[in-house]
$ cat target28.pdb   # PDB, C-alpha atoms and all ligand atoms
ATOM      1  CA  MET A   1      30.451 158.386 -81.175  1.00  0.00           C
ATOM      2  CA  THR A   2      31.904 155.068 -82.261  1.00  0.00           C
ATOM      3  CA  ALA A   3      29.426 152.225 -82.263  1.00  0.00           C
ATOM      4  CA  PRO A   4      30.220 149.560 -79.700  1.00  0.00           C
ATOM      5  CA  THR A   5      31.769 146.424 -81.108  1.00  0.00           C
ATOM      6  CA  THR A   6      30.355 144.043 -78.585  1.00  0.00           C
ATOM      7  CA  SER A   7      26.830 143.558 -77.347  1.00  0.00           C
ATOM      8  CA  GLY A   8      27.893 142.142 -73.979  1.00  0.00           C
ATOM      9  CA  LEU A   9      26.288 138.876 -75.036  1.00  0.00           C
ATOM     10  CA  THR A  10      27.672 136.437 -77.567  1.00  0.00           C
ATOM     11  CA  ARG A  11      25.319 134.640 -79.889  1.00  0.00           C
ATOM     12  CA  SER A  12      25.539 131.456 -77.833  1.00  0.00           C
ATOM     13  CA  ALA A  13      25.046 133.286 -74.513  1.00  0.00           C
ATOM     14  CA  ALA A  14      21.997 135.008 -76.016  1.00  0.00           C
ATOM     15  CA  ARG A  15      20.603 131.657 -77.077  1.00  0.00           C
ATOM     16  CA  ALA A  16      21.100 130.357 -73.536  1.00  0.00           C
ATOM     17  CA  GLU A  17      19.092 133.351 -72.282  1.00  0.00           C
ATOM     18  CA  LEU A  18      16.371 132.582 -74.801  1.00  0.00           C
ATOM     19  CA  HIS A  19      16.162 128.985 -73.626  1.00  0.00           C
ATOM     20  CA  ALA A  20      16.066 130.070 -69.979  1.00  0.00           C
ATOM     21  CA  TRP A  21      13.288 132.637 -70.490  1.00  0.00           C
ATOM     22  CA  VAL A  22      11.155 131.183 -73.257  1.00  0.00           C
ATOM     23  CA  SER A  23       9.600 127.723 -73.343  1.00  0.00           C
ATOM     24  CA  ASN A  24       7.025 128.224 -76.119  1.00  0.00           C
ATOM     25  CA  PRO A  25       8.519 126.717 -79.308  1.00  0.00           C
ATOM     26  CA  ALA A  26       6.589 129.128 -81.555  1.00  0.00           C
ATOM     27  CA  LEU A  27       7.976 132.129 -79.689  1.00  0.00           C
ATOM     28  CA  ARG A  28      11.512 130.700 -79.760  1.00  0.00           C
ATOM     29  CA  HIS A  29      11.136 130.170 -83.481  1.00  0.00           C
ATOM     30  CA  HIS A  30       9.857 133.730 -83.958  1.00  0.00           C
ATOM     31  CA  MET A  31      12.862 135.142 -82.102  1.00  0.00           C
ATOM     32  CA  GLU A  32      15.248 133.003 -84.200  1.00  0.00           C
ATOM     33  CA  CYS A  33      13.547 134.214 -87.384  1.00  0.00           C
ATOM     34  CA  VAL A  34      13.846 137.879 -86.426  1.00  0.00           C
ATOM     35  CA  ALA A  35      17.502 137.284 -85.462  1.00  0.00           C
ATOM     36  CA  ALA A  36      18.177 135.728 -88.869  1.00  0.00           C
ATOM     37  CA  CYS A  37      16.520 138.669 -90.649  1.00  0.00           C
ATOM     38  CA  MET A  38      18.547 141.154 -88.585  1.00  0.00           C
ATOM     39  CA  GLU A  39      21.815 139.371 -89.291  1.00  0.00           C
ATOM     40  CA  ALA A  40      21.001 139.286 -93.003  1.00  0.00           C
ATOM     41  CA  TYR A  41      20.379 143.029 -92.989  1.00  0.00           C
ATOM     42  CA  ALA A  42      23.631 143.711 -91.129  1.00  0.00           C
ATOM     43  CA  ALA A  43      25.399 141.804 -93.907  1.00  0.00           C
ATOM     44  CA  THR A  44      23.444 143.675 -96.594  1.00  0.00           C
ATOM     45  CA  LEU A  45      24.497 146.969 -95.026  1.00  0.00           C
ATOM     46  CA  GLY A  46      28.135 145.845 -95.049  1.00  0.00           C
ATOM     47  CA  LEU A  47      28.581 145.924 -91.272  1.00  0.00           C
ATOM     48  CA  SER A  48      31.484 144.222 -89.491  1.00  0.00           C
ATOM     49  CA  ASP A  49      31.311 140.660 -88.187  1.00  0.00           C
ATOM     50  CA  ALA A  50      31.018 142.027 -84.649  1.00  0.00           C
ATOM     51  CA  ASP A  51      28.067 144.186 -85.654  1.00  0.00           C
ATOM     52  CA  ARG A  52      26.433 141.293 -87.494  1.00  0.00           C
ATOM     53  CA  GLU A  53      26.554 139.411 -84.222  1.00  0.00           C
ATOM     54  CA  ARG A  54      25.091 142.422 -82.360  1.00  0.00           C
ATOM     55  CA  TRP A  55      22.229 142.679 -84.844  1.00  0.00           C
ATOM     56  CA  PHE A  56      21.605 138.952 -84.469  1.00  0.00           C
ATOM     57  CA  VAL A  57      21.592 139.265 -80.672  1.00  0.00           C
ATOM     58  CA  CYS A  58      19.183 142.214 -80.909  1.00  0.00           C
ATOM     59  CA  GLY A  59      16.746 140.158 -82.986  1.00  0.00           C
ATOM     60  CA  LEU A  60      17.110 137.087 -80.818  1.00  0.00           C
ATOM     61  CA  MET A  61      16.534 138.985 -77.574  1.00  0.00           C
ATOM     62  CA  HIS A  62      13.738 141.366 -78.637  1.00  0.00           C
ATOM     63  CA  ASP A  63      10.908 139.328 -77.099  1.00  0.00           C
ATOM     64  CA  LEU A  64      12.925 137.794 -74.244  1.00  0.00           C
ATOM     65  CA  ASP A  65      10.367 138.703 -71.566  1.00  0.00           C
ATOM     66  CA  TRP A  66       7.206 138.289 -73.658  1.00  0.00           C
ATOM     67  CA  GLU A  67       6.256 134.871 -72.264  1.00  0.00           C
ATOM     68  CA  ARG A  68       6.748 135.816 -68.609  1.00  0.00           C
ATOM     69  CA  HIS A  69       5.806 139.498 -68.797  1.00  0.00           C
ATOM     70  CA  PRO A  70       3.373 140.109 -71.660  1.00  0.00           C
ATOM     71  CA  THR A  71       1.736 143.283 -70.332  1.00  0.00           C
ATOM     72  CA  LYS A  72       2.478 146.717 -71.736  1.00  0.00           C
ATOM     73  CA  GLU A  73       3.708 147.762 -68.302  1.00  0.00           C
ATOM     74  CA  GLU A  74       6.409 145.074 -68.312  1.00  0.00           C
ATOM     75  CA  HIS A  75       7.241 144.046 -71.895  1.00  0.00           C
ATOM     76  CA  PRO A  76       9.928 144.795 -73.021  1.00  0.00           C
ATOM     77  CA  ARG A  77      11.131 146.738 -69.974  1.00  0.00           C
ATOM     78  CA  VAL A  78      11.803 143.673 -67.816  1.00  0.00           C
ATOM     79  CA  GLY A  79      13.833 142.008 -70.550  1.00  0.00           C
ATOM     80  CA  VAL A  80      15.750 145.199 -71.244  1.00  0.00           C
ATOM     81  CA  ALA A  81      16.619 145.607 -67.556  1.00  0.00           C
ATOM     82  CA  HIS A  82      17.860 142.015 -67.459  1.00  0.00           C
ATOM     83  CA  LEU A  83      19.929 142.462 -70.614  1.00  0.00           C
ATOM     84  CA  ARG A  84      21.383 145.722 -69.299  1.00  0.00           C
ATOM     85  CA  GLY A  85      22.593 143.776 -66.278  1.00  0.00           C
ATOM     86  CA  LYS A  86      24.349 141.384 -68.668  1.00  0.00           C
ATOM     87  CA  GLY A  87      26.256 144.291 -70.223  1.00  0.00           C
ATOM     88  CA  VAL A  88      24.215 144.553 -73.422  1.00  0.00           C
ATOM     89  CA  ASP A  89      24.860 147.911 -75.100  1.00  0.00           C
ATOM     90  CA  ASP A  90      22.420 150.810 -75.338  1.00  0.00           C
ATOM     91  CA  GLU A  91      21.918 150.627 -79.086  1.00  0.00           C
ATOM     92  CA  ILE A  92      20.512 147.122 -78.747  1.00  0.00           C
ATOM     93  CA  LEU A  93      18.476 148.017 -75.665  1.00  0.00           C
ATOM     94  CA  ASP A  94      16.990 151.094 -77.371  1.00  0.00           C
ATOM     95  CA  ALA A  95      16.089 149.024 -80.428  1.00  0.00           C
ATOM     96  CA  ILE A  96      14.312 146.477 -78.227  1.00  0.00           C
ATOM     97  CA  MET A  97      12.420 149.265 -76.445  1.00  0.00           C
ATOM     98  CA  GLY A  98      11.576 150.865 -79.788  1.00  0.00           C
ATOM     99  CA  HIS A  99      10.031 147.733 -81.267  1.00  0.00           C
ATOM    100  CA  ALA A 100       7.163 148.225 -78.804  1.00  0.00           C
ATOM    101  CA  GLU A 101       5.474 151.345 -80.164  1.00  0.00           C
ATOM    102  CA  TYR A 102       3.754 152.113 -76.846  1.00  0.00           C
ATOM    103  CA  THR A 103       7.054 152.704 -75.008  1.00  0.00           C
ATOM    104  CA  GLY A 104       7.426 155.892 -77.065  1.00  0.00           C
ATOM    105  CA  THR A 105      11.119 155.129 -77.605  1.00  0.00           C
ATOM    106  CA  PRO A 106      12.143 156.763 -80.885  1.00  0.00           C
ATOM    107  CA  ARG A 107      13.595 154.461 -83.521  1.00  0.00           C
ATOM    108  CA  GLU A 108      16.682 156.418 -84.493  1.00  0.00           C
ATOM    109  CA  SER A 109      19.364 153.852 -85.292  1.00  0.00           C
ATOM    110  CA  ALA A 110      19.425 151.633 -88.358  1.00  0.00           C
ATOM    111  CA  MET A 111      19.320 148.677 -85.963  1.00  0.00           C
ATOM    112  CA  SER A 112      16.146 149.961 -84.349  1.00  0.00           C
ATOM    113  CA  LYS A 113      14.426 150.672 -87.666  1.00  0.00           C
ATOM    114  CA  HIS A 114      15.290 147.257 -89.016  1.00  0.00           C
ATOM    115  CA  LEU A 115      14.164 145.442 -85.866  1.00  0.00           C
ATOM    116  CA  PHE A 116      10.759 147.087 -86.141  1.00  0.00           C
ATOM    117  CA  ALA A 117      10.601 146.327 -89.863  1.00  0.00           C
ATOM    118  CA  CYS A 118      11.523 142.664 -89.394  1.00  0.00           C
ATOM    119  CA  ASP A 119       9.422 141.798 -86.346  1.00  0.00           C
ATOM    120  CA  GLU A 120       5.827 141.773 -87.595  1.00  0.00           C
ATOM    121  CA  LEU A 121       6.748 140.789 -91.137  1.00  0.00           C
ATOM    122  CA  ALA A 122       8.706 137.753 -89.901  1.00  0.00           C
ATOM    123  CA  GLY A 123       5.645 136.661 -87.925  1.00  0.00           C
ATOM    124  CA  PHE A 124       3.468 137.065 -90.990  1.00  0.00           C
ATOM    125  CA  ILE A 125       5.878 135.170 -93.254  1.00  0.00           C
ATOM    126  CA  VAL A 126       5.926 132.257 -90.813  1.00  0.00           C
ATOM    127  CA  ALA A 127       2.103 132.294 -90.772  1.00  0.00           C
ATOM    128  CA  CYS A 128       2.090 132.184 -94.593  1.00  0.00           C
ATOM    129  CA  GLY A 129       4.485 129.225 -94.519  1.00  0.00           C
ATOM    130  CA  LYS A 130       2.233 127.286 -92.149  1.00  0.00           C
ATOM    131  CA  VAL A 131      -0.492 126.925 -94.758  1.00  0.00           C
ATOM    132  CA  ARG A 132       1.864 125.759 -97.499  1.00  0.00           C
ATOM    133  CA  PRO A 133       3.055 122.159 -97.987  1.00  0.00           C
ATOM    134  CA  ASP A 134       6.715 123.169 -98.174  1.00  0.00           C
ATOM    135  CA  GLY A 135       6.562 125.949 -95.597  1.00  0.00           C
ATOM    136  CA  VAL A 136       8.525 129.042 -96.636  1.00  0.00           C
ATOM    137  CA  GLN A 137      10.769 127.218 -99.115  1.00  0.00           C
ATOM    138  CA  THR A 138       8.901 128.354-102.253  1.00  0.00           C
ATOM    139  CA  LEU A 139       7.043 131.280-100.690  1.00  0.00           C
ATOM    140  CA  GLU A 140       7.333 134.499-102.679  1.00  0.00           C
ATOM    141  CA  PRO A 141       6.669 138.142-101.777  1.00  0.00           C
ATOM    142  CA  LYS A 142       3.712 138.262-104.195  1.00  0.00           C
ATOM    143  CA  SER A 143       1.911 135.571-102.223  1.00  0.00           C
ATOM    144  CA  VAL A 144       2.703 137.307 -98.910  1.00  0.00           C
ATOM    145  CA  GLU A 145       1.363 140.583-100.291  1.00  0.00           C
ATOM    146  CA  LYS A 146      -1.871 138.887-101.349  1.00  0.00           C
ATOM    147  CA  LYS A 147      -2.350 137.395 -97.901  1.00  0.00           C
ATOM    148  CA  LEU A 148      -1.695 140.772 -96.248  1.00  0.00           C
ATOM    149  CA  LYS A 149      -4.740 142.096 -98.076  1.00  0.00           C
ATOM    150  CA  ASN A 150      -6.878 139.354 -96.561  1.00  0.00           C
ATOM    151  CA  ALA A 151      -7.697 140.845 -93.156  1.00  0.00           C
ATOM    152  CA  ALA A 152      -8.937 137.496 -91.822  1.00  0.00           C
ATOM    153  CA  PHE A 153      -5.573 135.775 -92.410  1.00  0.00           C
ATOM    154  CA  ALA A 154      -3.238 135.998 -89.380  1.00  0.00           C
ATOM    155  CA  ALA A 155      -5.514 138.774 -88.151  1.00  0.00           C
ATOM    156  CA  ALA A 156      -3.356 139.425 -85.067  1.00  0.00           C
ATOM    157  CA  VAL A 157      -0.484 140.667 -87.202  1.00  0.00           C
ATOM    158  CA  SER A 158      -0.610 144.453 -87.509  1.00  0.00           C
ATOM    159  CA  ARG A 159      -0.653 145.498 -91.167  1.00  0.00           C
ATOM    160  CA  GLU A 160      -0.009 149.041 -90.005  1.00  0.00           C
ATOM    161  CA  ASP A 161       3.204 148.008 -88.199  1.00  0.00           C
ATOM    162  CA  ILE A 162       4.367 146.170 -91.319  1.00  0.00           C
ATOM    163  CA  ALA A 163       3.738 149.255 -93.466  1.00  0.00           C
ATOM    164  CA  ASN A 164       5.394 151.582 -90.956  1.00  0.00           C
ATOM    165  CA  GLY A 165       8.367 149.251 -90.585  1.00  0.00           C
ATOM    166  CA  LEU A 166       8.835 149.180 -94.327  1.00  0.00           C
ATOM    167  CA  ALA A 167       8.687 152.971 -94.542  1.00  0.00           C
ATOM    168  CA  GLY A 168      11.370 153.186 -91.851  1.00  0.00           C
ATOM    169  CA  ILE A 169      13.949 151.254 -93.863  1.00  0.00           C
ATOM    170  CA  GLY A 170      13.110 152.792 -97.239  1.00  0.00           C
ATOM    171  CA  ARG A 171      12.822 149.590 -99.252  1.00  0.00           C
ATOM    172  CA  THR A 172      10.124 148.214-101.497  1.00  0.00           C
ATOM    173  CA  PHE A 173       7.853 145.548-100.083  1.00  0.00           C
ATOM    174  CA  GLU A 174       9.136 143.007-102.585  1.00  0.00           C
ATOM    175  CA  ASP A 175      12.749 143.664-101.635  1.00  0.00           C
ATOM    176  CA  HIS A 176      12.200 143.605 -97.864  1.00  0.00           C
ATOM    177  CA  CYS A 177       9.898 140.606 -97.979  1.00  0.00           C
ATOM    178  CA  GLY A 178      12.194 138.682-100.323  1.00  0.00           C
ATOM    179  CA  ARG A 179      15.185 139.247 -98.078  1.00  0.00           C
ATOM    180  CA  SER A 180      13.185 138.282 -94.997  1.00  0.00           C
ATOM    181  CA  ILE A 181      11.881 135.075 -96.568  1.00  0.00           C
ATOM    182  CA  GLU A 182      15.382 134.089 -97.603  1.00  0.00           C
ATOM    183  CA  ALA A 183      16.705 134.685 -94.081  1.00  0.00           C
ATOM    184  CA  ILE A 184      13.860 132.699 -92.516  1.00  0.00           C
ATOM    185  CA  ARG A 185      14.430 129.792 -94.914  1.00  0.00           C
ATOM    186  CA  GLY A 186      17.876 129.387 -93.381  1.00  0.00           C
ATOM    187  CA  VAL A 187      16.690 129.206 -89.753  1.00  0.00           C
ATOM    188  CA  GLN A 188      17.817 125.977 -88.134  1.00  0.00           C
ATOM    189  CA  PHE A 189      15.444 125.506 -85.295  1.00  0.00           C
ATOM    190  CA  GLN A 190      15.585 122.858 -82.622  1.00  0.00           C
TER     191      GLN A 190
HETATM  192 FE    FE A 201       8.564 139.889 -82.001  1.00  0.00          FE
END
$ encode --input "target28.pdb" --output "structure tokens"
Amino acid sequence: MTAPTTSGLTRSAARAELHAWVSNPALRHHMECVAACMEAYAATLGLSDADRERWFVCGLMHDLDWERHPTKEEHPRVGVAHLRGKGVDDEILDAIMGHAEYTGTPRESAMSKHLFACDELAGFIVACGKVRPDGVQTLEPKSVEKKLKNAAFAAAVSREDIANGLAGIGRTFEDHCGRSIEAIRGVQFQ
């Protein structure tokens, strides 16, 4: 089967959805960070421009319904149903379902595996940046790794999900974390 070349949502249409559904600046920022990490990985994997945009849209939309529908019964099903109505393709929708472990949706595609790998780690990297004077600009994987071992730091972030995500994409922590930090450094957030 040939992968679809369009997500059904352009980057700018996806951002309009984000602004319509999410008012919390921290959540908007998180979604932008995951989108940036996903786009960076699509480039690393040598995917087409159209696929880079699809990976970006996947990252940007993964928590679309989190603010309005945070329960396990609804998140991310409500968002996925909405995105399906907008013509978003199944690969993206499956990846969004798969980032929530409890849906039981298998993470089969590279997109799905990378979304899961980027989600929790991006949140943790942003948390690391918050306690540094220059944010993530000089943050290095070594420092992130040290903080991961401190269970009291950003305690809500699942270390298990980070480890499982890493295993899914077959990279070293240093490599994955370094790439993620670099992508997050470039996030322009208004
Ligand atoms: Fe997320």
$ residues_near_ligand --input "target28.pdb" --ligand "ligand FE 201 (chain A)" --cutoff "10 Å" --atoms "all atoms listed in the file" --output "ChimeraX atom specification"
/A:27-28,30-35,59-64,66,96,99-100,115-116,118-123
$ closest_atom_pairs --input "target28.pdb" --of "stretch 98-182 of chain A" --to "stretch 19-26 of chain A" --cutoff "12 Å" --atoms "all atoms listed in the file" --output "Markdown table"
| residue | atom | partner | partner_atom | distance |
| --- | --- | --- | --- | --- |
| A:Gly123 | CA | A:Ala26 | CA | 9.9 |
| A:Val126 | CA | A:Ala26 | CA | 9.8 |
| A:Ala127 | CA | A:Ala26 | CA | 10.7 |
| A:Lys130 | CA | A:Ala26 | CA | 11.6 |
$ atom_distance --input "target28.pdb" --atom1 "atom CA of A:Asp49" --atom2 "atom CA of A:Ile92"
15.7 Å
$ closest_residue --input "target28.pdb" --among "A:Asp65, A:Asp89, A:Glu182, A:Asp161" --to "A:Gln137" --atoms "all atoms listed in the file"
A:Glu182
$ residues_around --input "target28.pdb" --residues "A:Lys146" --least-positions-apart "3" --cutoff "12 Å" --atoms "only C-alpha atoms" --output "list in words"
Phe124, Ile125, Cys128, Leu139, Glu140, Pro141, Lys142, Ser143, Lys149, Asn150, Ala151, Ala152, Phe153, Phe173 and Glu174 of chain A
$ closest_residue --input "target28.pdb" --among "A:Ala117, A:Met97, A:Ala16, A:Met111" --to "A:Arg52" --atoms "only C-alpha atoms"
A:Met111
$ residues_around --input "target28.pdb" --residues "A:Val80" --least-positions-apart "4" --cutoff "7 Å" --atoms "all atoms listed in the file" --output "PDB file with C-alpha atoms, in the coordinates of the input"
ATOM      1  CA  PRO A  76       9.928 144.795 -73.021  1.00  0.00           C
ATOM      2  CA  ARG A  84      21.383 145.722 -69.299  1.00  0.00           C
ATOM      3  CA  LEU A  93      18.476 148.017 -75.665  1.00  0.00           C
TER       4      LEU A  93
END
$ residues_around --input "target28.pdb" --residues "A:Leu45" --least-positions-apart "3" --cutoff "12 Å" --atoms "all atoms listed in the file" --output "MDAnalysis selection string"
chainID A and resid 38:42 48:49 51:52 55 110:111 114 169
$ atom_distance --input "target28.pdb" --atom1 "atom CA of A:Phe56" --atom2 "atom CA of A:Glu101"
20.8 Å
$ decode --input "target28.pdb" --residues "stretch 14-31 of chain A" --atoms "N, CA and C atoms" --output "PDB file, in the first residue's frame"
ATOM      1  N   ALA A  14      -3.967  22.831  10.636  1.00  0.00           N
ATOM      2  CA  ALA A  14      -3.789  22.105  11.900  1.00  0.00           C
ATOM      3  C   ALA A  14      -3.567  23.095  13.042  1.00  0.00           C
ATOM      4  N   ARG A  15      -2.798  24.128  12.763  1.00  0.00           N
ATOM      5  CA  ARG A  15      -2.541  25.120  13.811  1.00  0.00           C
ATOM      6  C   ARG A  15      -3.833  25.863  14.184  1.00  0.00           C
ATOM      7  N   ALA A  16      -4.682  26.083  13.184  1.00  0.00           N
ATOM      8  CA  ALA A  16      -5.974  26.725  13.472  1.00  0.00           C
ATOM      9  C   ALA A  16      -6.816  25.814  14.364  1.00  0.00           C
ATOM     10  N   GLU A  17      -6.763  24.513  14.111  1.00  0.00           N
ATOM     11  CA  GLU A  17      -7.474  23.554  14.975  1.00  0.00           C
ATOM     12  C   GLU A  17      -6.926  23.622  16.396  1.00  0.00           C
ATOM     13  N   LEU A  18      -5.613  23.649  16.498  1.00  0.00           N
ATOM     14  CA  LEU A  18      -4.976  23.717  17.816  1.00  0.00           C
ATOM     15  C   LEU A  18      -5.473  24.944  18.580  1.00  0.00           C
ATOM     16  N   HIS A  19      -5.498  26.084  17.895  1.00  0.00           N
ATOM     17  CA  HIS A  19      -5.914  27.313  18.564  1.00  0.00           C
ATOM     18  C   HIS A  19      -7.396  27.285  18.934  1.00  0.00           C
ATOM     19  N   ALA A  20      -8.193  26.573  18.145  1.00  0.00           N
ATOM     20  CA  ALA A  20      -9.626  26.484  18.440  1.00  0.00           C
ATOM     21  C   ALA A  20      -9.894  25.559  19.637  1.00  0.00           C
ATOM     22  N   TRP A  21      -9.087  24.515  19.776  1.00  0.00           N
ATOM     23  CA  TRP A  21      -9.356  23.491  20.794  1.00  0.00           C
ATOM     24  C   TRP A  21      -8.593  23.688  22.094  1.00  0.00           C
ATOM     25  N   VAL A  22      -7.443  24.350  21.993  1.00  0.00           N
ATOM     26  CA  VAL A  22      -6.551  24.404  23.164  1.00  0.00           C
ATOM     27  C   VAL A  22      -6.278  25.851  23.552  1.00  0.00           C
ATOM     28  N   SER A  23      -6.577  26.203  24.808  1.00  0.00           N
ATOM     29  CA  SER A  23      -6.272  27.569  25.238  1.00  0.00           C
ATOM     30  C   SER A  23      -5.064  27.626  26.168  1.00  0.00           C
ATOM     31  N   ASN A  24      -4.726  26.517  26.811  1.00  0.00           N
ATOM     32  CA  ASN A  24      -3.599  26.485  27.742  1.00  0.00           C
ATOM     33  C   ASN A  24      -2.271  26.644  26.985  1.00  0.00           C
ATOM     34  N   PRO A  25      -1.533  27.734  27.287  1.00  0.00           N
ATOM     35  CA  PRO A  25      -0.282  27.978  26.544  1.00  0.00           C
ATOM     36  C   PRO A  25       0.733  26.842  26.712  1.00  0.00           C
ATOM     37  N   ALA A  26       0.779  26.230  27.888  1.00  0.00           N
ATOM     38  CA  ALA A  26       1.752  25.148  28.109  1.00  0.00           C
ATOM     39  C   ALA A  26       1.415  23.942  27.232  1.00  0.00           C
ATOM     40  N   LEU A  27       0.121  23.667  27.089  1.00  0.00           N
ATOM     41  CA  LEU A  27      -0.277  22.534  26.247  1.00  0.00           C
ATOM     42  C   LEU A  27      -0.028  22.849  24.771  1.00  0.00           C
ATOM     43  N   ARG A  28      -0.323  24.076  24.369  1.00  0.00           N
ATOM     44  CA  ARG A  28      -0.023  24.479  22.977  1.00  0.00           C
ATOM     45  C   ARG A  28       1.474  24.319  22.694  1.00  0.00           C
ATOM     46  N   HIS A  29       2.268  24.780  23.648  1.00  0.00           N
ATOM     47  CA  HIS A  29       3.714  24.684  23.482  1.00  0.00           C
ATOM     48  C   HIS A  29       4.149  23.223  23.383  1.00  0.00           C
ATOM     49  N   HIS A  30       3.587  22.374  24.244  1.00  0.00           N
ATOM     50  CA  HIS A  30       3.920  20.945  24.201  1.00  0.00           C
ATOM     51  C   HIS A  30       3.608  20.356  22.817  1.00  0.00           C
ATOM     52  N   MET A  31       2.452  20.685  22.286  1.00  0.00           N
ATOM     53  CA  MET A  31       2.048  20.145  20.988  1.00  0.00           C
ATOM     54  C   MET A  31       2.979  20.658  19.871  1.00  0.00           C
TER      55      MET A  31
END
